[in-house]
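Let me begin by presenting the structure, written as C-alpha cells, before commenting on it.
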Amino acid sequence: ATQNNWAARYPAGLGWTAPAAITTDNNVSGGNRRIAFDAAGNAIVTYTISTVLNGSSDIRVKAMRYNAGTGAWGAGQFLAADTGLAITMPQVAVAPGGDALALWTQSNGTHMQVVANRYSAATLTWGGVQVIDPLQSVDANDAQVGMDANGNAWAIWTNLNQIWASRYTAGGSWATAVALEAALTSGSRYPQVAFDPNGNAMAVWTVASSLVQNGPLYSLINASACPAGGNWTTPQVLETAAGQSGDPQVVLDATGKATAIWDKMAASPAVGTT
C-alpha cells in the first residue's frame with residue numbers, strides 16, 4: 001500500500017476545500033509530520049519517508065512549502081544527505097516573515113545528535129544541515145524548536161538527563177548550547193518551548209524524582225523563562241503532587257503570560273506506602 005501526505009484548507013468564510021494528496025512519494029512515514037505558517041499564509045510541512053538503502057530500512061527528512069499566492073504546494077525537498085542512519089521526527093517553526101527552521105535528531109553512526117536546517121524566505125532555499133548540540137558522544141532526544149516574531153529561535157532537547165538549549169539569532173548563527181539545569185541522576189525529558197510576540201521565551205519539561213523513600217517514582221513539571229536576548233532563569237517546579245506527569249505543553253500570550261498544561265497519572269502505590 002502507498003502512503004502520502006494529504007491536506008485540506010479552510011479559506012475564511014468559504015469552508016473546507018476538498019482533501020487531496022500533496023505528495024507523490026508513496027512512502028511517507030505515518031505520524032512524522034509537522035506544519036507551521038507565516039503571516040502571509042504560506043506554510044512549511046516537514047515529514048519523513050521510509051525507503052531502502054543498501055538493502056536496509058532507511059528514513060529521510062523532507063520539507064515542502066505551500067504558496068499562499070498561487071494556492072499550490074511545491075515539490076518536497078530532502079533536508080539532509082542520505083546516510084542510512086537513524087532519524088527521528090522533524091520539527092518546524094516559521095517566523096512571520098517566512099524564514100523557517102527545521103530540527104531533528106540524527107545518528108552520527110554511534111549516537112543521536114541534534115541537527116538543524118534553515119529556510120530563507122528571501123532566496124526560497126534551505127541552507128544545509130548544521131549540528132548544534134555539543135555533546136555528540138551521548139544520545140540527544142526530544143528536540144523541539146520555537147521562533148519569535150523577528151526570526152530568532154530557541155532549539156531545546158534532552159542530553160545526559162539534562163535539558164539543553166541553543167539560541168539562533170535571525171540572520172546570524174546558532175550559539176553554543178547551554179544546560180537549563182544542573183546534572184541530574186534521574187532523567188529530564190520532553191521539553192517544549194514557546195515565545196511571546198516580544199521575543200520572551202518559556203520552556204517546560206518533565207523531571208523524574210523519587211520523593212519518598214522506597215516509594216514510587218514521580219515525574220514533576222519544571223519551567224524556565226528567558227527574556228528576549230537574555231539568559232534562562234533557574235528552573236521552577238510547577239507542581240509536586242504525587243504521580244507521573246507527562247507530555248507538557250506551553251503557550252504565551254501577547255503580554256507574556258504563560259499557560260502550561262500536562263497530563264497526570266495518580267501515584268501507585270499511594271504516598272507513604274511501601
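The chains in the C-alpha cells are called A, B, ... from first to last as shown; in each chain the residues are counted from 1, and the ligands are counted from 1 in the order shown.
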Q: Would you kindly return, as a PyMOL selection string, each protein, DNA or RNA residue with an atom no farther than 6 Å from any atom of segment 228-233 of chain A, considering only C-alpha atoms and excluding same-chain residues fewer than 4 positions away?
A: chain A and resi 199-200+224
Residues within 8 Å of Ala80 of chain A, only C-alpha atoms, excluding chain neighbours under 6 positions, as a short mmCIF file (atom, residue, chain, number, x, y, z; two decimals) with N, CA and C atoms, in the first residue's frame:
data_model
loop_
_atom_site.label_atom_id
_atom_site.label_comp_id
_atom_site.auth_asym_id
_atom_site.auth_seq_id
_atom_site.Cartn_x
_atom_site.Cartn_y
_atom_site.Cartn_z
N ARG A 60 14.35 9.25 5.71
CA ARG A 60 14.89 10.53 5.27
C ARG A 60 13.91 11.66 5.59
N VAL A 61 14.46 12.85 5.83
CA VAL A 61 13.67 14.03 6.16
C VAL A 61 13.42 14.86 4.92
N GLY A 128 21.19 24.09 4.45
CA GLY A 128 22.08 22.97 4.73
C GLY A 128 22.06 22.58 6.19
N VAL A 129 22.44 21.35 6.46
CA VAL A 129 22.37 20.78 7.81
C VAL A 129 23.51 21.30 8.67
#
Select from segment 23-123 of chain A every residue with an atom at most 12 Å from any atom of segment 155-173 of chain A, then for each give the shortest pair of atoms and their distance in Å to one decimal, using only C-alpha atoms, rows by chain and rising number, as CSV.
residue,atom,partner,partner_atom,distance
A:Gln91,CA,A:Ala155,CA,10.0
A:Val92,CA,A:Ala155,CA,10.4
A:Ala93,CA,A:Ala155,CA,10.0
A:Val94,CA,A:Ala170,CA,11.8
A:Ala95,CA,A:Ala170,CA,9.8
A:Gly97,CA,A:Ala170,CA,11.2
A:Gly98,CA,A:Ala170,CA,11.9
A:Asp99,CA,A:Ala170,CA,9.0
A:Ala100,CA,A:Ala170,CA,10.2
A:Leu101,CA,A:Ala155,CA,9.4
A:Ala102,CA,A:Ala155,CA,9.8
A:Leu103,CA,A:Ala155,CA,7.8
A:Trp104,CA,A:Trp157,CA,9.7
A:Thr105,CA,A:Trp157,CA,9.3
A:His111,CA,A:Asn159,CA,11.0
A:Met112,CA,A:Asn159,CA,9.7
A:Gln113,CA,A:Asn159,CA,9.3
A:Val114,CA,A:Trp157,CA,7.9
A:Val115,CA,A:Ala155,CA,9.8
A:Ala116,CA,A:Ala155,CA,8.9
A:Asn117,CA,A:Ser173,CA,11.3
A:Arg118,CA,A:Ser173,CA,10.1
A:Tyr119,CA,A:Gly171,CA,11.2
A:Ser120,CA,A:Gly171,CA,9.5
A:Ala121,CA,A:Gly171,CA,11.6
A:Ala122,CA,A:Gly171,CA,11.3
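In terms of minimum interatomic distance to Thr234 of chain A, A:Ala179 ranks closest within A:Ala208, A:Trp154, A:Ala179, A:Asn198, counting only C-alpha atoms.
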Q) Within 7 Å of Ala201 of chain A, counting only C-alpha atoms, which residues qualify if same-chain residues fewer than 3 places away don't, as a VMD selection string? A) chain A and resid 193 to 196 225 to 227
Distance query Asp58 of chain A at most 9 Å, only C-alpha atoms, self and fewer than 4 positions along chain excluded, as a CSV table (one decimal) with N, CA and C atoms, in the first residue's frame:
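part_15.csv, written as the output of this step:
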chain,number,residue,atom,x,y,z
A,49,ILE,N,10.2,10.1,5.0
A,49,ILE,CA,9.8,9.0,4.1
A,49,ILE,C,10.6,7.7,4.5
A,50,SER,N,10.0,6.6,4.3
A,50,SER,CA,10.6,5.3,4.5
A,50,SER,C,11.1,4.7,3.2
A,51,THR,N,12.3,4.4,3.1
A,51,THR,CA,12.9,3.8,1.9
A,51,THR,C,13.9,2.7,2.2
A,52,VAL,N,14.7,2.3,1.3
A,52,VAL,CA,15.6,1.3,1.5
A,52,VAL,C,17.0,1.7,0.9
A,53,LEU,N,18.0,1.6,1.7
A,53,LEU,CA,19.4,1.9,1.2
A,53,LEU,C,20.3,0.7,1.5
A,82,ASP,N,21.6,11.4,2.4
A,82,ASP,CA,21.1,10.1,2.7
A,82,ASP,C,22.3,9.3,3.3
A,83,THR,N,22.3,9.2,4.7
A,83,THR,CA,23.4,8.5,5.3
A,83,THR,C,23.0,7.1,5.7
A,84,GLY,N,21.7,6.8,5.6
A,84,GLY,CA,21.3,5.4,6.0
A,84,GLY,C,21.2,5.2,7.5
A,85,LEU,N,21.4,6.3,8.3
A,85,LEU,CA,21.4,6.2,9.8
A,85,LEU,C,20.1,6.7,10.3
A,86,ALA,N,19.9,6.4,11.6
A,86,ALA,CA,18.6,6.7,12.3
A,86,ALA,C,18.3,8.2,12.3
A,87,ILE,N,17.0,8.5,12.1
A,87,ILE,CA,16.5,9.9,12.1
A,87,ILE,C,15.1,9.9,12.9
Expressed in Å, the length from atom CA of Tyr47 of chain A to atom CA of Val204 of chain A is 24.6 Å
Which of segment 152-211 of chain A end up as strand (DSSP E) when DSSP is run on this backbone - answer as an MDAnalysis selection string? chainID A and resid 153:159 162:168 178:179 188:195 201:209
**Selection: 9 Å around Asp25 of chain A, only C-alpha atoms, excl. self and same-chain fewer than 5 positions, as a VMD selection string** = chain A and resid 2 to 5 49 76
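Residue nearest Ala175 of chain A within the list A:Asp263, A:Asp133, A:Asp38, A:Asp247: A:Asp133 [criterion: smallest interatomic distance, only C-alpha atoms].
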At a cut-off of 7 Å, using only C-alpha atoms, what residues contact segment 62-70 of chain A? Leave out same-chain residues fewer than 2 positions from it and give the result as a short mmCIF file (atom, residue, chain, number, x, y, z; two decimals) with C-alpha atoms, in the first residue's frame.
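The new file around-v4.cif reads:
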data_model
loop_
_atom_site.label_atom_id
_atom_site.label_comp_id
_atom_site.auth_asym_id
_atom_site.auth_seq_id
_atom_site.Cartn_x
_atom_site.Cartn_y
_atom_site.Cartn_z
CA GLY A 41 -0.45 32.30 4.89
CA ASN A 42 2.48 30.38 3.40
CA ALA A 43 3.15 27.06 5.11
CA ILE A 44 6.01 24.62 5.50
CA VAL A 45 5.50 20.94 6.24
CA THR A 46 8.29 18.66 7.44
CA TYR A 47 7.93 14.89 7.25
CA THR A 48 9.86 11.66 6.76
CA ARG A 60 14.89 10.53 5.27
CA ALA A 72 -0.24 25.40 -4.65
CA TRP A 73 2.13 23.11 -2.81
CA GLY A 74 5.72 22.94 -4.05
CA ALA A 75 7.66 19.74 -4.52
CA GLY A 76 9.14 18.01 -1.50
CA GLN A 77 12.83 18.65 -0.86
CA PHE A 78 15.29 16.49 1.05
CA LEU A 79 16.76 18.37 4.02
#
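Atom pair atom CA of Thr240 of chain A / atom CA of Asp139 of chain A: separated by 28.2 Å.
Rounded to one decimal, atom CA of Ile132 of chain A and atom CA of Val178 of chain A lie 10.9 Å from each other.
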Set the distance at 12 Å and use only C-alpha atoms: which residues neighbour Trp6 of chain A once local chain neighbours fewer than 6 positions away are removed? I'd like the list as number ranges by chain. A: 17-26, 28, 30, 33, 45, 47, 73
